[in-house]
>>> print(open('start.txt').read())   # compact mmCIF, C-alpha atoms
# COMPACT_ATOMS: atom_id res chain seq x y z
CA MET X 75 8.03 49.69 -61.16
CA SER X 76 6.71 46.51 -59.65
CA VAL X 77 5.82 46.28 -55.98
CA LEU X 78 6.75 43.40 -53.70
CA ARG X 79 3.44 41.87 -52.64
CA ASN X 80 4.60 39.49 -49.95
CA ARG X 81 3.34 41.47 -46.96
CA ARG X 82 5.32 39.42 -44.45
CA ILE X 83 8.65 40.63 -45.74
CA LEU X 84 10.09 43.70 -44.04
CA LEU X 85 10.22 46.69 -46.37
CA LEU X 86 13.17 48.95 -45.74
CA VAL X 87 13.24 52.37 -47.29
CA ALA X 88 16.51 54.27 -46.88
CA ALA X 89 16.76 57.98 -47.52
CA ALA X 90 19.62 60.44 -47.23
CA VAL X 91 18.03 63.53 -45.79
CA ALA X 92 19.51 67.01 -46.00
CA ALA X 93 17.39 68.52 -43.24
CA ALA X 94 18.95 71.50 -41.50
CA VAL X 95 18.27 70.16 -38.01
CA PHE X 96 19.77 66.73 -38.66
CA VAL X 97 23.04 65.51 -40.15
CA GLY X 98 23.50 62.22 -42.00
CA ALA X 99 21.26 59.52 -43.38
CA ILE X 100 17.88 58.55 -41.99
CA VAL X 101 16.53 55.07 -42.40
CA ALA X 102 12.75 55.10 -42.46
CA VAL X 103 11.20 51.70 -41.94
CA THR X 104 7.68 50.68 -42.81
CA ALA X 105 6.80 48.24 -40.05
CA LEU X 106 6.53 44.76 -41.58
CA GLY X 107 6.08 46.23 -45.05
CA ASN X 108 2.39 45.84 -44.37
CA GLY X 109 1.19 49.33 -45.19
CA SER X 110 -0.20 50.61 -48.43
CA SER X 111 2.12 52.42 -50.80
CA LYS X 112 1.79 54.91 -53.62
CA THR X 113 1.80 52.08 -56.12
CA GLU X 114 -0.27 49.48 -54.30
CA THR X 115 -3.74 49.32 -52.81
CA THR X 116 -5.55 46.48 -51.12
CA THR X 117 -9.26 46.10 -50.49
CA THR X 118 -10.01 45.90 -46.81
CA THR X 119 -12.96 45.73 -44.46
CA THR X 120 -13.46 46.97 -40.93
CA ALA X 121 -10.25 46.57 -38.93
CA GLY X 122 -11.88 46.35 -35.51
CA ALA X 123 -9.79 49.12 -33.98
CA ALA X 124 -10.31 50.50 -30.51
CA LYS X 125 -13.74 51.96 -29.79
CA PRO X 126 -14.01 55.68 -28.94
CA GLN X 127 -14.86 55.01 -25.30
CA SER X 128 -11.80 52.85 -24.66
CA THR X 129 -9.53 55.32 -26.46
CA THR X 130 -10.93 58.16 -24.35
CA ALA X 131 -10.03 56.20 -21.23
CA GLN X 132 -6.56 55.38 -22.57
CA LEU X 133 -5.81 59.03 -23.24
CA ALA X 134 -7.38 60.53 -20.12
CA GLY X 135 -5.10 63.12 -18.55
CA ILE X 136 -2.57 63.15 -21.39
CA PRO X 137 -2.27 66.50 -23.20
CA GLN X 138 -3.00 66.75 -26.91
CA ARG X 139 -1.86 69.67 -29.05
CA GLY X 140 -2.51 69.52 -32.77
CA LEU X 141 -0.71 66.44 -34.08
CA THR X 142 0.98 65.63 -30.79
CA LEU X 143 -0.01 63.38 -27.91
CA GLY X 144 2.05 63.68 -24.73
CA TRP X 145 4.02 66.14 -22.67
CA ALA X 146 6.15 68.79 -24.36
CA THR X 147 8.98 67.91 -21.98
CA ALA X 148 9.26 64.33 -23.31
CA PRO X 149 12.84 63.89 -24.56
CA ALA X 150 11.85 61.77 -27.57
CA THR X 151 9.17 61.99 -30.28
CA LEU X 152 7.81 58.93 -32.06
CA VAL X 153 6.56 60.11 -35.45
CA GLU X 154 3.88 57.91 -36.99
CA PHE X 155 3.23 58.16 -40.73
CA ALA X 156 -0.20 56.65 -41.32
CA ASP X 157 -3.02 56.57 -43.84
CA PRO X 158 -6.56 56.52 -42.38
CA GLN X 159 -7.49 53.76 -44.86
CA CYS X 160 -4.46 51.59 -44.09
CA PRO X 161 -5.59 48.35 -42.37
CA TYR X 162 -2.16 47.84 -40.82
CA CYS X 163 -2.26 51.30 -39.26
CA ALA X 164 -5.56 50.23 -37.72
CA GLU X 165 -3.95 46.99 -36.57
CA TRP X 166 -1.21 48.94 -34.79
CA SER X 167 -3.76 51.24 -33.18
CA ASN X 168 -5.82 48.27 -32.02
CA ASP X 169 -2.92 46.41 -30.43
CA ALA X 170 0.35 48.26 -29.83
CA PHE X 171 -0.99 51.78 -29.34
CA ALA X 172 -2.42 51.27 -25.85
CA ALA X 173 0.83 49.69 -24.63
CA VAL X 174 2.93 52.49 -26.14
CA VAL X 175 0.74 55.10 -24.46
CA GLN X 176 0.86 53.35 -21.09
CA LYS X 177 4.57 52.52 -21.05
CA PHE X 178 6.13 55.46 -22.87
CA VAL X 179 3.72 58.39 -23.28
CA ARG X 180 2.02 58.44 -19.90
CA THR X 181 5.39 58.13 -18.19
CA GLY X 182 6.73 61.17 -20.05
CA ARG X 183 9.45 59.33 -21.94
CA VAL X 184 7.98 59.76 -25.42
CA LYS X 185 5.41 61.93 -27.15
CA LEU X 186 3.61 60.75 -30.28
CA GLU X 187 3.26 62.81 -33.44
CA PHE X 188 0.74 61.82 -36.11
CA ARG X 189 1.77 62.62 -39.67
CA GLY X 190 -1.18 61.58 -41.78
CA LEU X 191 -0.77 60.75 -45.46
CA HIS X 192 -3.22 59.92 -48.23
CA PHE X 193 -1.35 57.32 -50.27
CA ILE X 194 -4.41 55.17 -50.92
CA GLY X 195 -6.85 57.66 -52.40
CA PRO X 196 -9.72 60.15 -52.01
CA ASP X 197 -11.25 58.60 -48.90
CA SER X 198 -7.83 58.82 -47.26
CA GLU X 199 -7.61 62.55 -47.87
CA LYS X 200 -11.12 63.27 -46.64
CA ALA X 201 -10.55 61.26 -43.47
CA LEU X 202 -7.17 62.90 -42.96
CA ARG X 203 -8.65 66.37 -43.29
CA ALA X 204 -11.18 65.54 -40.60
CA ALA X 205 -8.47 64.13 -38.32
CA ILE X 206 -6.35 67.26 -38.60
CA ALA X 207 -9.41 69.39 -37.94
CA ALA X 208 -10.06 67.29 -34.82
CA GLY X 209 -6.48 68.07 -33.82
CA GLN X 210 -7.30 71.76 -33.85
CA GLN X 211 -9.68 70.94 -30.99
CA GLY X 212 -7.11 68.74 -29.21
CA LYS X 213 -8.82 65.48 -30.18
CA LEU X 214 -6.84 64.14 -33.16
CA TRP X 215 -5.78 60.86 -31.54
CA ASN X 216 -9.29 60.12 -30.26
CA PHE X 217 -10.74 60.80 -33.69
CA VAL X 218 -8.19 58.78 -35.68
CA HIS X 219 -8.66 55.70 -33.53
CA ALA X 220 -12.44 56.01 -33.62
CA LEU X 221 -12.30 56.32 -37.41
CA TYR X 222 -10.14 53.20 -37.76
CA ALA X 223 -13.02 51.25 -36.24
CA GLU X 224 -15.20 52.37 -39.16
CA GLN X 225 -12.81 51.40 -41.98
CA GLY X 226 -14.56 50.24 -45.15
CA ALA X 227 -13.38 49.01 -48.53
CA GLU X 228 -10.68 51.27 -49.91
CA ASN X 229 -11.96 54.25 -51.90
CA SER X 230 -15.52 52.93 -51.83
CA GLY X 231 -16.83 56.27 -50.63
CA TRP X 232 -17.10 55.04 -47.04
CA VAL X 233 -15.75 58.34 -45.65
CA THR X 234 -18.96 60.35 -45.81
CA ASP X 235 -19.88 63.57 -44.02
CA ALA X 236 -22.43 61.54 -42.08
CA LEU X 237 -19.75 59.11 -40.90
CA LEU X 238 -17.40 61.91 -39.93
CA ARG X 239 -20.18 63.61 -37.98
CA LYS X 240 -21.12 60.37 -36.21
CA THR X 241 -17.49 59.71 -35.32
CA ALA X 242 -16.94 63.24 -34.04
CA GLU X 243 -20.13 63.16 -31.97
CA SER X 244 -18.95 59.95 -30.30
CA ILE X 245 -15.96 61.78 -28.80
CA PRO X 246 -16.62 63.89 -25.68
CA GLY X 247 -15.63 67.52 -26.14
CA LEU X 248 -15.33 67.42 -29.93
CA ASP X 249 -17.52 69.89 -31.86
CA ALA X 250 -18.70 68.03 -34.98
CA ASP X 251 -20.07 71.14 -36.73
CA LYS X 252 -16.78 72.96 -36.32
CA LEU X 253 -14.80 69.92 -37.49
CA LEU X 254 -16.82 69.64 -40.72
CA VAL X 255 -16.14 73.29 -41.50
CA ASP X 256 -12.48 73.35 -40.46
CA MET X 257 -11.53 70.23 -42.41
CA ASN X 258 -11.71 72.22 -45.67
CA SER X 259 -9.66 75.15 -44.38
CA ALA X 260 -6.34 76.42 -45.73
CA GLN X 261 -4.76 75.56 -42.40
CA VAL X 262 -5.61 71.89 -42.85
CA THR X 263 -4.38 71.94 -46.47
CA ASN X 264 -1.08 73.45 -45.33
CA GLN X 265 -0.68 70.78 -42.65
CA ILE X 266 -1.21 68.00 -45.21
CA ARG X 267 1.41 69.62 -47.42
CA ALA X 268 3.84 69.74 -44.49
CA ASN X 269 3.19 66.07 -43.73
CA ASN X 270 3.92 65.14 -47.34
CA GLN X 271 7.14 67.12 -47.32
CA LEU X 272 8.34 65.43 -44.13
CA ALA X 273 7.45 62.01 -45.52
CA THR X 274 9.52 62.80 -48.61
CA GLN X 275 12.45 63.86 -46.42
CA TYR X 276 12.28 60.60 -44.48
CA GLY X 277 11.86 58.48 -47.62
CA VAL X 278 8.52 57.08 -46.47
CA GLY X 279 7.22 54.60 -49.02
CA GLY X 280 4.30 53.05 -47.15
CA THR X 281 2.31 53.05 -43.96
CA PRO X 282 2.64 52.63 -41.08
CA THR X 283 6.16 54.00 -40.77
CA PHE X 284 7.65 55.00 -37.40
CA VAL X 285 10.64 57.28 -36.82
CA LEU X 286 12.08 58.13 -33.39
CA VAL X 287 13.40 61.69 -33.12
CA ARG X 288 15.71 62.67 -30.23
CA PRO X 289 17.71 65.83 -31.05
CA PRO X 290 20.62 66.24 -31.26
CA GLN X 291 20.82 62.55 -32.20
CA GLN X 292 19.91 61.44 -35.70
CA PRO X 293 16.37 60.12 -36.19
CA THR X 294 16.17 56.33 -36.03
CA SER X 295 13.69 53.81 -37.34
CA VAL X 296 11.50 51.74 -35.06
CA GLN X 297 10.50 48.29 -36.26
CA GLY X 298 9.24 45.09 -34.75
CA THR X 299 8.80 41.57 -36.02
CA SER X 300 5.07 42.34 -36.01
CA LEU X 301 2.67 45.15 -35.10
CA ASP X 302 1.63 43.55 -31.81
CA ALA X 303 2.21 45.29 -28.50
CA ALA X 304 5.01 43.05 -27.21
CA SER X 305 7.08 43.27 -30.39
CA PHE X 306 6.62 46.97 -30.95
CA THR X 307 7.27 48.06 -27.37
CA ALA X 308 10.40 45.92 -27.31
CA ALA X 309 11.59 47.59 -30.51
CA LEU X 310 10.84 51.06 -29.12
CA SER X 311 12.68 50.25 -25.88
CA ALA X 312 15.68 49.12 -27.92
CA ALA X 313 15.61 52.32 -30.00
CA LEU X 314 15.52 54.36 -26.78
CA GLY X 315 18.44 52.39 -25.43
CA SER X 316 16.52 51.08 -22.46
>>> encode(input="start.txt", output="structure tokens")
Amino acid sequence: MSVLRNRRILLLVAAAVAAAVFVGAIVAVTALGNGSSKTETTTTTTAGAAKPQSTTAQLAGIPQRGLTLGWATAPATLVEFADPQCPYCAEWSNDAFAAVVQKFVRTGRVKLEFRGLHFIGPDSEKALRAAIAAGQQGKLWNFVHALYAEQGAENSGWVTDALLRKTAESIPGLDADKLLVDMNSAQVTNQIRANNQLATQYGVGGTPTFVLVRPPQQPTSVQGTSLDAASFTAALSAALGS
């Protein structure tokens, strides 16, 4: 099946989901249609995402637990489906992420949940394993955003053990030796499987895709006219009804 290659056209992926905790159809939207899909890859170079130091400052004082950034009492969860090799995921992290954290996460309105995928290939999976392992130490979001800054050409072998170690060592409080062991654990494999299953439920066809979950309401898509902070925060405010 051919893939639409005009990356400025919004890609809408609709899925009817029979999840026990939700009733009705869920519309999962890949923001701008700019992410990579199972049938399309694009060579990319470094995306210039936020440096580890600035991300550490952005997240200071905000709890992290596994995949989640924010307070457990937040009434809404913004689920991000992302591939560590996706340049548009890096673009979002470099621009909109800080504004989302400041306006919605730090204020307790929303918590973020990272559901990593490996649509693009082997380097995606290796990077994702390391990110989930970082999450076991409460540092997933720091690690993911530091890794975006190191993005190389897709599936060129850029995700090396040396790079993962360097990235982990740049993050205060993250044990690089433990991360490199844990990333190959059954627990990490099971988490990747769970992410894939949730992506299938939501009909995710590319990255980044954002879904707002507010039980008992049905999950809703979050989309902006671009991945910049102003557009995305406006879209999230609209989805929250505020």
>>> closest_residue(input="start.txt", among="X:Phe155, X:Trp145, X:Phe188, X:Phe178", to="Asn216 in chain X", atoms="all atoms listed in the file")
X:Phe188
>>> atom_distance(input="start.txt", atom1="CA of Gly280 in chain X", atom2="CA of Leu191 in chain X")
9.4 Å
>>> closest_atom_pairs(input="start.txt", of="range 234-286 of chain X", to="range 195-207 of chain X", cutoff="9 Å", atoms="only C-alpha atoms", output="JSON lines")
{"residue": "X:Thr234", "atom": "CA", "partner": "X:Lys200", "partner_atom": "CA", "distance": 8.4}
{"residue": "X:Leu238", "atom": "CA", "partner": "X:Ala204", "partner_atom": "CA", "distance": 7.2}
{"residue": "X:Lys252", "atom": "CA", "partner": "X:Ala207", "partner_atom": "CA", "distance": 8.3}
{"residue": "X:Leu253", "atom": "CA", "partner": "X:Ala207", "partner_atom": "CA", "distance": 5.4}
{"residue": "X:Leu254", "atom": "CA", "partner": "X:Ala204", "partner_atom": "CA", "distance": 7.0}
{"residue": "X:Val255", "atom": "CA", "partner": "X:Ala207", "partner_atom": "CA", "distance": 8.6}
{"residue": "X:Asp256", "atom": "CA", "partner": "X:Ala207", "partner_atom": "CA", "distance": 5.6}
{"residue": "X:Met257", "atom": "CA", "partner": "X:Arg203", "partner_atom": "CA", "distance": 4.9}
{"residue": "X:Asn258", "atom": "CA", "partner": "X:Arg203", "partner_atom": "CA", "distance": 7.0}
{"residue": "X:Ser259", "atom": "CA", "partner": "X:Ala207", "partner_atom": "CA", "distance": 8.6}
{"residue": "X:Gln261", "atom": "CA", "partner": "X:Ala207", "partner_atom": "CA", "distance": 8.9}
{"residue": "X:Val262", "atom": "CA", "partner": "X:Arg203", "partner_atom": "CA", "distance": 6.3}
{"residue": "X:Thr263", "atom": "CA", "partner": "X:Arg203", "partner_atom": "CA", "distance": 7.7}
{"residue": "X:Gln265", "atom": "CA", "partner": "X:Ile206", "partner_atom": "CA", "distance": 7.8}
{"residue": "X:Ile266", "atom": "CA", "partner": "X:Arg203", "partner_atom": "CA", "distance": 7.9}
>>> residues_around(input="start.txt", residues="Ser244 in chain X", least_positions_apart="6", cutoff="12 Å", atoms="all atoms listed in the file", output="list in words")
Lys125, Pro126, Gln127, Ser128, Thr129, Thr130, Lys213, Asn216, Phe217, His219, Ala220, Leu221, Leu237, Leu238 and Ala250 of chain X
>>> residues_near_point(input="start.txt", point="(5.1, 62.1, -19.4)", cutoff="9 Å", atoms="only C-alpha atoms", output="PyMOL selection string")
chain X and resi 136+144-148+178-185
>>> closest_residue(input="start.txt", among="X:Asp251, X:Gly279, X:His192, X:Tyr222", to="Ala236 in chain X", atoms="only C-alpha atoms")
X:Asp251
